[in-house]
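**Student:** I'm passing along work_5.txt; it holds compact mmCIF, C-alpha atoms (C1' of nucleotides).
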# COMPACT_ATOMS: atom_id res chain seq x y z
CA MET A 1 -4.35 -0.02 8.44
CA ALA A 2 -5.45 0.84 11.90
CA LEU A 3 -5.39 4.48 10.88
CA PRO A 4 -6.57 4.19 7.34
CA ARG A 5 -4.57 6.09 4.78
CA GLU A 6 -2.70 8.09 7.36
CA TYR A 7 1.04 8.22 7.21
CA GLU A 8 2.13 10.94 9.51
CA GLY A 9 -0.83 13.22 9.28
CA GLN A 10 1.25 16.34 9.60
CA ALA A 11 3.29 18.78 7.67
CA CYS A 12 4.40 16.89 4.61
CA SER A 13 2.77 17.38 1.25
CA ILE A 14 4.22 14.13 0.00
CA ALA A 15 2.61 12.21 2.82
CA LYS A 16 -0.61 14.12 2.25
CA ALA A 17 -0.56 13.30 -1.44
CA LEU A 18 0.13 9.66 -0.69
CA GLU A 19 -2.73 9.53 1.76
CA ILE A 20 -4.98 10.29 -1.18
CA VAL A 21 -3.36 8.57 -4.14
CA GLY A 22 -0.92 6.24 -2.43
CA GLU A 23 -3.18 3.28 -2.03
CA ARG A 24 -2.95 0.22 -4.16
CA TRP A 25 -4.67 0.66 -7.55
CA THR A 26 -5.46 4.35 -7.12
CA LEU A 27 -2.85 5.76 -9.49
CA LEU A 28 -3.62 3.10 -12.06
CA ILE A 29 -7.26 4.13 -11.95
CA VAL A 30 -6.22 7.74 -12.48
CA ARG A 31 -3.94 6.71 -15.34
CA ASP A 32 -6.75 4.80 -17.04
CA ALA A 33 -9.08 7.73 -16.50
CA ALA A 34 -6.50 10.03 -18.07
CA TYR A 35 -6.40 7.74 -21.08
CA GLY A 36 -10.15 7.86 -21.47
CA VAL A 37 -11.57 4.99 -19.43
CA ARG A 38 -14.81 6.15 -17.86
CA ARG A 39 -17.04 3.25 -16.99
CA PHE A 40 -16.99 0.86 -14.07
CA SER A 41 -16.87 -2.29 -16.16
CA ASP A 42 -14.09 -0.89 -18.36
CA PHE A 43 -11.93 -0.25 -15.33
CA VAL A 44 -12.60 -3.79 -14.19
CA THR A 45 -11.56 -5.34 -17.48
CA HIS A 46 -8.58 -3.08 -18.11
CA LEU A 47 -7.11 -3.30 -14.64
CA ASP A 48 -8.36 -6.69 -13.57
CA ILE A 49 -9.14 -5.11 -10.24
CA PRO A 50 -11.56 -6.67 -7.73
CA ARG A 51 -14.92 -4.95 -8.13
CA ARG A 52 -15.15 -4.36 -4.42
CA VAL A 53 -11.86 -2.46 -4.40
CA LEU A 54 -12.81 -0.49 -7.49
CA THR A 55 -16.06 0.58 -5.87
CA GLU A 56 -14.20 1.83 -2.82
CA ARG A 57 -11.52 3.66 -4.82
CA LEU A 58 -13.96 5.36 -7.16
CA LYS A 59 -16.06 6.48 -4.26
CA PHE A 60 -13.03 7.87 -2.49
CA LEU A 61 -11.66 9.58 -5.60
CA VAL A 62 -15.02 11.25 -6.17
CA GLU A 63 -15.09 12.38 -2.54
CA GLN A 64 -11.62 13.83 -2.97
CA GLY A 65 -12.61 15.71 -6.11
CA ILE A 66 -10.25 13.80 -8.36
CA LEU A 67 -13.01 12.12 -10.32
CA GLU A 68 -16.45 13.41 -11.09
CA LYS A 69 -19.59 11.41 -11.77
CA GLN A 70 -21.13 12.74 -14.93
CA PRO A 71 -24.41 11.66 -16.50
CA ALA A 72 -23.67 10.41 -19.99
CA GLY A 73 -26.59 9.15 -22.02
CA GLY A 74 -28.46 7.60 -19.12
CA ARG A 75 -25.61 5.87 -17.32
CA GLU A 76 -23.07 7.79 -15.33
CA GLU A 77 -19.40 8.04 -16.14
CA TYR A 78 -16.33 8.83 -14.10
CA VAL A 79 -14.34 11.75 -15.48
CA LEU A 80 -11.15 13.34 -14.20
CA THR A 81 -11.45 16.80 -12.71
CA GLY A 82 -8.73 19.42 -12.88
CA LYS A 83 -7.38 18.12 -9.61
CA GLY A 84 -7.23 14.68 -11.19
CA LEU A 85 -5.57 15.87 -14.36
CA ALA A 86 -3.00 17.62 -12.21
CA LEU A 87 -1.79 14.18 -11.19
CA PHE A 88 -0.51 13.56 -14.69
CA PRO A 89 3.02 14.77 -13.93
CA VAL A 90 3.18 12.17 -11.17
CA ILE A 91 2.12 9.46 -13.58
CA ARG A 92 4.55 10.69 -16.19
CA ALA A 93 7.39 10.70 -13.69
CA LEU A 94 6.55 7.15 -12.67
CA ALA A 95 6.37 6.06 -16.30
CA ALA A 96 9.72 7.70 -17.04
CA TRP A 97 11.30 5.92 -14.12
CA GLY A 98 9.68 2.63 -15.06
CA ASP A 99 10.88 3.00 -18.64
CA GLU A 100 14.38 3.79 -17.55
CA TYR A 101 14.78 1.12 -14.93
CA THR A 102 12.33 -1.71 -15.49
CA SER A 103 11.96 -1.90 -19.25
CA PRO A 104 14.72 -3.67 -21.14
CA SER A 105 14.01 -1.96 -24.45
CA GLY A 106 13.33 1.69 -23.85
CA GLN A 107 10.19 3.72 -23.53
CA ARG A 108 6.97 1.76 -23.66
CA ARG A 109 4.83 4.67 -24.62
CA ILE A 110 5.77 7.71 -26.61
CA ILE A 111 4.05 10.97 -25.77
CA ARG A 112 3.78 13.69 -28.38
CA HIS A 113 2.77 17.30 -28.25
CA VAL A 114 -0.21 17.42 -30.59
CA ALA A 115 0.39 21.05 -31.58
CA CYS A 116 3.78 20.35 -33.15
CA GLY A 117 4.02 16.55 -33.24
CA THR A 118 7.24 16.58 -31.26
CA ILE A 119 8.09 13.78 -28.84
CA LEU A 120 8.20 15.09 -25.27
CA GLU A 121 11.23 14.85 -23.05
CA ARG A 122 10.81 12.53 -20.09
CA THR A 123 10.37 15.52 -17.87
CA GLY A 124 7.23 16.42 -19.83
CA ARG A 125 8.72 19.36 -21.68
CA CYS A 126 8.23 19.84 -25.40
CA PRO A 127 11.73 20.66 -26.68
CA GLU A 128 10.29 22.24 -29.84
CA CYS A 129 7.94 24.69 -28.16
CA ASP A 130 9.80 24.94 -24.83
CA VAL A 131 6.60 24.45 -22.83
CA TYR A 132 5.03 21.85 -20.57
CA PRO A 133 1.86 21.04 -22.50
CA PRO A 134 -1.28 20.16 -20.52
CA VAL A 135 -2.63 16.65 -20.81
CA GLY A 136 -5.26 17.70 -23.32
CA ASP A 137 -2.55 18.65 -25.80
CA LEU A 138 -0.84 15.28 -25.66
CA GLU A 139 -1.11 12.15 -27.71
CA SER A 140 0.18 8.80 -26.56
CA THR A 141 1.27 5.95 -28.82
CA PRO A 142 2.97 2.61 -28.08
CA GLY A 143 6.76 2.78 -28.12
CA PRO A 144 9.43 0.08 -28.71
CA GLY A 145 9.31 -1.23 -25.13
CA MET B 1 -2.33 -9.62 -2.25
CA ALA B 2 -2.57 -13.05 -3.68
CA LEU B 3 -0.05 -12.02 -6.29
CA PRO B 4 2.15 -9.79 -4.24
CA ARG B 5 2.99 -6.42 -5.76
CA GLU B 6 1.68 -7.44 -9.15
CA TYR B 7 -0.83 -5.23 -10.85
CA GLU B 8 -1.07 -6.41 -14.40
CA GLY B 9 2.37 -7.82 -14.82
CA GLN B 10 2.58 -6.78 -18.43
CA ALA B 11 3.42 -3.96 -20.73
CA CYS B 12 2.93 -0.86 -18.64
CA SER B 13 5.87 1.00 -17.15
CA ILE B 14 3.58 2.75 -14.70
CA ALA B 15 2.32 -0.54 -13.35
CA LYS B 16 5.89 -1.84 -13.29
CA ALA B 17 7.07 1.21 -11.39
CA LEU B 18 4.19 0.86 -8.94
CA GLU B 19 4.99 -2.80 -8.38
CA ILE B 20 8.30 -1.61 -7.00
CA VAL B 21 7.56 1.69 -5.28
CA GLY B 22 3.77 1.59 -5.06
CA GLU B 23 3.48 -0.13 -1.74
CA ARG B 24 2.54 1.65 1.41
CA TRP B 25 5.49 3.52 3.00
CA THR B 26 7.94 2.83 0.17
CA LEU B 27 8.01 6.31 -1.36
CA LEU B 28 8.19 7.90 2.06
CA ILE B 29 11.23 5.80 2.82
CA VAL B 30 12.80 6.92 -0.44
CA ARG B 31 11.93 10.52 0.35
CA ASP B 32 13.54 10.29 3.77
CA ALA B 33 16.57 8.61 2.24
CA ALA B 34 16.82 11.44 -0.29
CA TYR B 35 16.81 13.92 2.58
CA GLY B 36 19.62 12.11 4.30
CA VAL B 37 18.04 9.55 6.63
CA ARG B 38 20.20 6.46 6.60
CA ARG B 39 19.72 4.41 9.71
CA PHE B 40 17.01 1.94 10.66
CA SER B 41 16.09 3.64 13.91
CA ASP B 42 15.96 7.06 12.26
CA PHE B 43 13.46 5.81 9.70
CA VAL B 44 11.39 4.36 12.52
CA THR B 45 11.27 7.60 14.47
CA HIS B 46 10.81 9.89 11.46
CA LEU B 47 8.12 7.86 9.78
CA ASP B 48 6.57 6.16 12.78
CA ILE B 49 6.51 3.03 10.67
CA PRO B 50 6.18 -0.46 12.18
CA ARG B 51 9.62 -1.98 12.44
CA ARG B 52 8.47 -5.15 10.76
CA VAL B 53 7.28 -3.24 7.70
CA LEU B 54 10.43 -1.16 7.59
CA THR B 55 12.55 -4.31 7.62
CA GLU B 56 10.58 -5.71 4.69
CA ARG B 57 10.70 -2.50 2.68
CA LEU B 58 14.40 -1.89 3.20
CA LYS B 59 15.17 -5.45 2.22
CA PHE B 60 13.06 -5.13 -0.91
CA LEU B 61 14.50 -1.75 -1.86
CA VAL B 62 18.02 -3.12 -1.51
CA GLU B 63 17.07 -6.12 -3.65
CA GLN B 64 15.71 -3.76 -6.29
CA GLY B 65 18.87 -1.69 -6.28
CA ILE B 66 17.17 1.45 -5.02
CA LEU B 67 18.99 1.46 -1.71
CA GLU B 68 22.44 0.18 -0.93
CA LYS B 69 23.76 -1.09 2.36
CA GLN B 70 27.00 0.68 3.08
CA PRO B 71 29.31 0.09 6.02
CA ALA B 72 29.69 3.36 7.89
CA GLY B 73 31.85 3.42 10.98
CA GLY B 74 30.97 -0.07 12.18
CA ARG B 75 27.21 0.01 11.60
CA GLU B 76 25.69 -0.21 8.17
CA GLU B 77 23.66 2.53 6.54
CA TYR B 78 21.11 2.59 3.79
CA VAL B 79 22.02 4.95 0.97
CA LEU B 80 20.16 5.74 -2.23
CA THR B 81 21.66 4.45 -5.46
CA GLY B 82 21.34 6.20 -8.79
CA LYS B 83 18.19 4.24 -9.45
CA GLY B 84 16.86 5.49 -6.16
CA LEU B 85 17.83 9.10 -6.79
CA ALA B 86 16.07 8.84 -10.15
CA LEU B 87 12.82 8.56 -8.19
CA PHE B 88 13.17 12.14 -7.06
CA PRO B 89 11.08 13.54 -9.91
CA VAL B 90 8.24 11.29 -8.79
CA ILE B 91 8.52 12.56 -5.25
CA ARG B 92 8.75 16.13 -6.45
CA ALA B 93 5.66 15.70 -8.61
CA LEU B 94 3.77 14.27 -5.67
CA ALA B 95 4.91 17.11 -3.45
CA ALA B 96 3.87 19.67 -6.04
CA TRP B 97 0.42 18.11 -6.30
CA GLY B 98 0.13 17.85 -2.54
CA ASP B 99 1.13 21.50 -2.14
CA GLU B 100 -1.33 22.60 -4.76
CA TYR B 101 -4.31 20.59 -3.65
CA THR B 102 -3.97 19.56 -0.03
CA SER B 103 -2.17 22.45 1.60
CA PRO B 104 -4.25 25.52 2.46
CA SER B 105 -1.33 27.93 2.49
CA GLY B 106 0.96 27.15 -0.39
CA GLN B 107 4.16 25.18 -0.66
CA ARG B 108 5.22 23.41 2.49
CA ARG B 109 8.83 23.13 1.50
CA ILE B 110 10.87 25.36 -0.71
CA ILE B 111 13.57 23.79 -2.81
CA ARG B 112 16.51 25.86 -3.95
CA HIS B 113 19.30 25.28 -6.40
CA VAL B 114 22.40 25.51 -4.23
CA ALA B 115 24.60 26.79 -7.07
CA CYS B 116 22.59 29.96 -7.56
CA GLY B 117 20.20 30.06 -4.59
CA THR B 118 17.18 30.26 -6.86
CA ILE B 119 13.87 28.67 -5.89
CA LEU B 120 13.00 25.85 -8.26
CA GLU B 121 9.85 25.74 -10.33
CA ARG B 122 7.44 23.00 -9.33
CA THR B 123 8.57 21.00 -12.33
CA GLY B 124 12.08 20.89 -10.83
CA ARG B 125 13.64 23.33 -13.24
CA CYS B 126 15.90 26.11 -12.06
CA PRO B 127 14.62 29.19 -13.94
CA GLU B 128 17.91 31.02 -13.39
CA CYS B 129 20.20 28.36 -14.84
CA ASP B 130 17.64 26.68 -17.10
CA VAL B 131 18.61 23.21 -15.91
CA TYR B 132 17.09 20.38 -13.88
CA PRO B 133 19.59 20.16 -11.04
CA PRO B 134 20.29 16.72 -9.53
CA VAL B 135 19.22 16.10 -5.97
CA GLY B 136 22.73 16.68 -4.66
CA ASP B 137 22.60 20.29 -5.83
CA LEU B 138 19.37 21.06 -4.01
CA GLU B 139 18.60 22.51 -0.62
CA SER B 140 15.23 22.19 1.05
CA THR B 141 13.81 24.61 3.62
CA PRO B 142 10.36 24.88 5.25
CA GLY B 143 7.92 27.06 3.32
CA PRO B 144 4.82 28.96 4.43
CA GLY B 145 2.57 25.86 4.30
C1' DC C 1 -42.17 -7.28 -21.76
C1' DC C 2 -38.11 -10.17 -21.68
C1' DT C 3 -33.08 -10.47 -22.15
C1' DT C 4 -28.62 -8.61 -21.63
C1' DT C 5 -25.54 -5.39 -19.91
C1' DT C 6 -23.99 -2.65 -16.29
C1' DA C 7 -22.88 -1.31 -11.58
C1' DG C 8 -22.51 -2.57 -7.50
C1' DT C 9 -23.01 -6.00 -2.99
C1' DT C 10 -22.17 -9.78 -0.35
C1' DC C 11 -19.57 -13.51 1.38
C1' DC C 12 -15.53 -16.03 2.61
C1' DT C 13 -10.68 -16.71 2.53
C1' DT C 14 -6.09 -15.10 2.57
C1' DC C 15 -2.63 -11.90 3.23
C1' DA C 16 -0.46 -7.63 4.73
C1' DG C 17 -0.07 -3.96 8.28
C1' DT C 18 0.14 -2.76 13.25
C1' DG C 19 2.11 -2.49 17.83
C1' DA C 20 4.32 -4.25 21.63
C1' DA C 21 7.54 -7.16 23.54
C1' DC C 22 11.61 -9.73 22.80
C1' DT C 23 16.51 -11.10 21.10
C1' DG C 24 21.01 -10.58 19.62
C1' DT C 25 24.83 -7.45 18.44
C1' DC C 26 27.63 -3.40 18.55
C1' DT C 27 29.70 0.62 21.14
C1' DC C 28 31.60 3.08 24.55
C1' DA C 29 32.72 4.54 29.33
C1' DC C 30 34.87 2.88 33.17
C1' DG D 1 37.34 -6.87 30.16
C1' DT D 2 32.63 -5.88 31.40
C1' DG D 3 28.23 -3.83 32.10
C1' DA D 4 24.77 -0.29 30.33
C1' DG D 5 22.70 1.47 26.48
C1' DA D 6 21.76 2.05 21.88
C1' DC D 7 20.78 -0.22 17.64
C1' DA D 8 18.80 -3.53 14.20
C1' DG D 9 16.06 -6.46 13.61
C1' DT D 10 12.52 -10.80 14.89
C1' DT D 11 8.44 -12.79 16.84
C1' DC D 12 3.65 -12.89 17.94
C1' DA D 13 -1.25 -12.00 18.30
C1' DC D 14 -4.64 -9.04 16.24
C1' DT D 15 -7.02 -6.35 12.85
C1' DG D 16 -8.27 -4.74 8.59
C1' DA D 17 -7.81 -4.65 3.68
C1' DA D 18 -7.41 -7.26 -0.78
C1' DG D 19 -8.87 -11.08 -3.74
C1' DG D 20 -12.30 -13.94 -6.14
C1' DA D 21 -16.58 -15.64 -7.22
C1' DA D 22 -21.39 -15.54 -6.96
C1' DC D 23 -25.35 -12.70 -6.35
C1' DT D 24 -28.76 -8.54 -7.04
C1' DA D 25 -31.02 -4.48 -8.71
C1' DA D 26 -31.60 -1.31 -12.17
C1' DA D 27 -31.32 0.27 -16.80
C1' DA D 28 -30.93 -0.51 -22.12
C1' DG D 29 -32.32 -2.36 -25.99
C1' DG D 30 -34.89 -5.05 -29.01
Kindly present the structure from the file in structure tokens form.
**Tutor:**
Amino acid sequence: MALPREYEGQACSIAKALEIVGERWTLLIVRDAAYGVRRFSDFVTHLDIPRRVLTERLKFLVEQGILEKQPAGGREEYVLTGKGLALFPVIRALAAWGDEYTSPSGQRRIIRHVACGTILERTGRCPECDVYPPVGDLESTPGPG
Amino acid sequence: MALPREYEGQACSIAKALEIVGERWTLLIVRDAAYGVRRFSDFVTHLDIPRRVLTERLKFLVEQGILEKQPAGGREEYVLTGKGLALFPVIRALAAWGDEYTSPSGQRRIIRHVACGTILERTGRCPECDVYPPVGDLESTPGPG
DNA sequence: CCTTTTAGTTCCTTCAGTGAACTGTCTCAC
DNA sequence: GTGAGACAGTTCACTGAAGGAACTAAAAGG
């Protein structure tokens, strides 16, 4: 990348979003963070990502306000901010598409609305409550795929 | 990439989806295709993408069944398949996030449901008709951002 | 203290992206 | 027909990012 991370630089929110989360590994780091991974070494083992790349990505995500470094019992941990949590619909849309078109046996993970226990639609809506629950109200379990 | 396009290779639909559409430029090509761009040279000028990379991506997307090469008045054109159109929620989610967090002045593009003229929610729902209209029923105009 | 874990660095190699120039093919006016 | 452009790629030399393994510094824990 001669112009790192820049696609067109101008008036497109999709391009702008991709400049920030479009790099290799980035969305997988956010996904792991959304599922509770917080420490450097855990990201390394879960993702099997080169440590050098992880260092870069974490640094960048912190700079962008998607992750936050929080002191946690001595060592620091990486925690998603609101801006980071707001990426969950993107991840859910990718998962839905991946389920639909790359998995031979249906959804790989089932996401429930904790409040009512109902399985969400692929769009993220809870058909029982007719709302789009925030990430904190969701529970994810392995599906048939 | 020693193992090209492979993240973990296993049981994660997000990783699987990203193996296919997670590479640089790919989602922007799909976005352009969704907005009607069909010819090689048009992608080049719209995206300012290196021709070599565009060739690779188009070839890969056709292999994956996301784009289709269609003869159109002599020359061939690249058209989204159903699998490709199904990526629109991903693009919409990215755009929504980009609008929210990278644009100083609100939504950059406004998407309407052609049938009723109503502006869609950021989730893609038409509040008037209470449906998630397919891409073909949408109309996109520049917003304030 | 001394050992182990954790969080990064450093180094080297390989591969992918970039940009410009080049080639072959199709189209259309004349 | 045929010559001028447009169009769709290909080729090439260069740069920068990713990958993998070994190394280092600091903190945790006994």
**Student:** Go through chain D and flag each residue having an atom no more than 9 Å from stretch 10-23 of chain C; for those, report the closest pair of atoms plus their distance in Å to one decimal, using all atoms listed in the file, ordered by chain and rising number, as CSV.
**Tutor:**
residue,atom,partner,partner_atom,distance
D:DG9,C1',C:DT23,C1',8.8
D:DT10,C1',C:DT23,C1',7.4
D:DT11,C1',C:DC22,C1',7.4
D:DC12,C1',C:DA21,C1',8.9
D:DC14,C1',C:DT18,C1',8.4
D:DT15,C1',C:DT18,C1',8.0
D:DG16,C1',C:DG17,C1',8.2
D:DA17,C1',C:DA16,C1',8.0
D:DA18,C1',C:DC15,C1',7.8
D:DG19,C1',C:DT14,C1',8.0
D:DA22,C1',C:DC11,C1',8.8
D:DC23,C1',C:DT10,C1',7.4
**Student:** Using all atoms listed in the file, determine which residues of chain A fall within 7 Å of chain B; present them as a list in words.
**Tutor:**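 Here is what falls inside 7 Å: Glu8, Cys12, Ser13, Ile14, Lys16, Ala17, Gly22, Glu23, Arg24, Leu47, Ala86, Leu87, Pro89, Val90, Ile91, Ala93, Leu94, Ala95, Trp97, Gly98, Asp99, Thr102 and Arg108 of chain A.
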**Student:** Tell me which of A:Glu76, A:Glu63, A:Asp130, A:Asp137 sits closest to chain C, counting all atoms listed in the file.
**Tutor:**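 Under the stated criterion, the closest residue is A:Glu76.
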**Student:** Smallest atom-to-atom distance to chain D: which of B:Leu58, B:Leu85, B:Val131, B:Ala33, using all atoms listed in the file?
**Tutor:**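 When distances to chain D are compared using all atoms listed in the file, the smallest one comes from B:Leu58.
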**Student:** Kindly indicate which residue among D:DT24, D:DG29, D:DA13, D:DA6 lies nearest to chain B, using all atoms listed in the file for the distances.
**Tutor:**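 Distance minimum relative to chain B lands on D:DA6.
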**Student:** What is the atom CA of A:Ala34-atom CA of A:Leu80 distance in Å, reported with one decimal?
**Tutor:**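 Pair atom CA of A:Ala34 / atom CA of A:Leu80 returns 6.9 Å.
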**Student:** Please compute the atom CA of A:Val30-atom CA of A:Val79 distance, one decimal, in Å.
**Tutor:** 9.5 Å
**Student:** For the atom pair atom CA of B:Pro71 and atom CA of B:Glu139, what is the interatomic distance in Å to one decimal place?
**Tutor:** 25.7 Å
**Student:** Rebuild stretch 61-73 of chain A to N, CA and C atoms - output it as a PDB file, in the frame of the given file, please.
**Tutor:**
ATOM      1  N   LEU A  61     -12.195   8.590  -4.662  1.00  0.00           N
ATOM      2  CA  LEU A  61     -11.660   9.580  -5.600  1.00  0.00           C
ATOM      3  C   LEU A  61     -12.695  10.657  -5.913  1.00  0.00           C
ATOM      4  N   VAL A  62     -13.960  10.260  -5.957  1.00  0.00           N
ATOM      5  CA  VAL A  62     -15.020  11.250  -6.170  1.00  0.00           C
ATOM      6  C   VAL A  62     -15.110  12.168  -4.950  1.00  0.00           C
ATOM      7  N   GLU A  63     -15.058  11.581  -3.769  1.00  0.00           N
ATOM      8  CA  GLU A  63     -15.090  12.380  -2.540  1.00  0.00           C
ATOM      9  C   GLU A  63     -13.946  13.395  -2.505  1.00  0.00           C
ATOM     10  N   GLN A  64     -12.799  12.970  -3.009  1.00  0.00           N
ATOM     11  CA  GLN A  64     -11.620  13.830  -2.970  1.00  0.00           C
ATOM     12  C   GLN A  64     -11.596  14.828  -4.119  1.00  0.00           C
ATOM     13  N   GLY A  65     -12.578  14.750  -4.999  1.00  0.00           N
ATOM     14  CA  GLY A  65     -12.610  15.710  -6.110  1.00  0.00           C
ATOM     15  C   GLY A  65     -11.622  15.411  -7.208  1.00  0.00           C
ATOM     16  N   ILE A  66     -11.186  14.171  -7.293  1.00  0.00           N
ATOM     17  CA  ILE A  66     -10.250  13.800  -8.360  1.00  0.00           C
ATOM     18  C   ILE A  66     -11.014  13.257  -9.559  1.00  0.00           C
ATOM     19  N   LEU A  67     -12.082  12.550  -9.272  1.00  0.00           N
ATOM     20  CA  LEU A  67     -13.010  12.120 -10.320  1.00  0.00           C
ATOM     21  C   LEU A  67     -14.352  12.799 -10.080  1.00  0.00           C
ATOM     22  N   GLU A  68     -15.121  12.839 -11.158  1.00  0.00           N
ATOM     23  CA  GLU A  68     -16.450  13.410 -11.090  1.00  0.00           C
ATOM     24  C   GLU A  68     -17.400  12.445 -11.758  1.00  0.00           C
ATOM     25  N   LYS A  69     -18.571  12.247 -11.128  1.00  0.00           N
ATOM     26  CA  LYS A  69     -19.590  11.410 -11.770  1.00  0.00           C
ATOM     27  C   LYS A  69     -20.398  12.291 -12.702  1.00  0.00           C
ATOM     28  N   GLN A  70     -20.385  11.940 -13.965  1.00  0.00           N
ATOM     29  CA  GLN A  70     -21.130  12.740 -14.930  1.00  0.00           C
ATOM     30  C   GLN A  70     -22.169  11.886 -15.613  1.00  0.00           C
ATOM     31  N   PRO A  71     -23.411  12.390 -15.728  1.00  0.00           N
ATOM     32  CA  PRO A  71     -24.410  11.660 -16.500  1.00  0.00           C
ATOM     33  C   PRO A  71     -24.005  11.672 -17.965  1.00  0.00           C
ATOM     34  N   ALA A  72     -24.057  10.498 -18.576  1.00  0.00           N
ATOM     35  CA  ALA A  72     -23.670  10.410 -19.990  1.00  0.00           C
ATOM     36  C   ALA A  72     -24.610   9.442 -20.688  1.00  0.00           C
ATOM     37  N   GLY A  73     -25.640   9.993 -21.298  1.00  0.00           N
ATOM     38  CA  GLY A  73     -26.590   9.150 -22.020  1.00  0.00           C
ATOM     39  C   GLY A  73     -27.232   8.109 -21.128  1.00  0.00           C
TER      40      GLY A  73
END
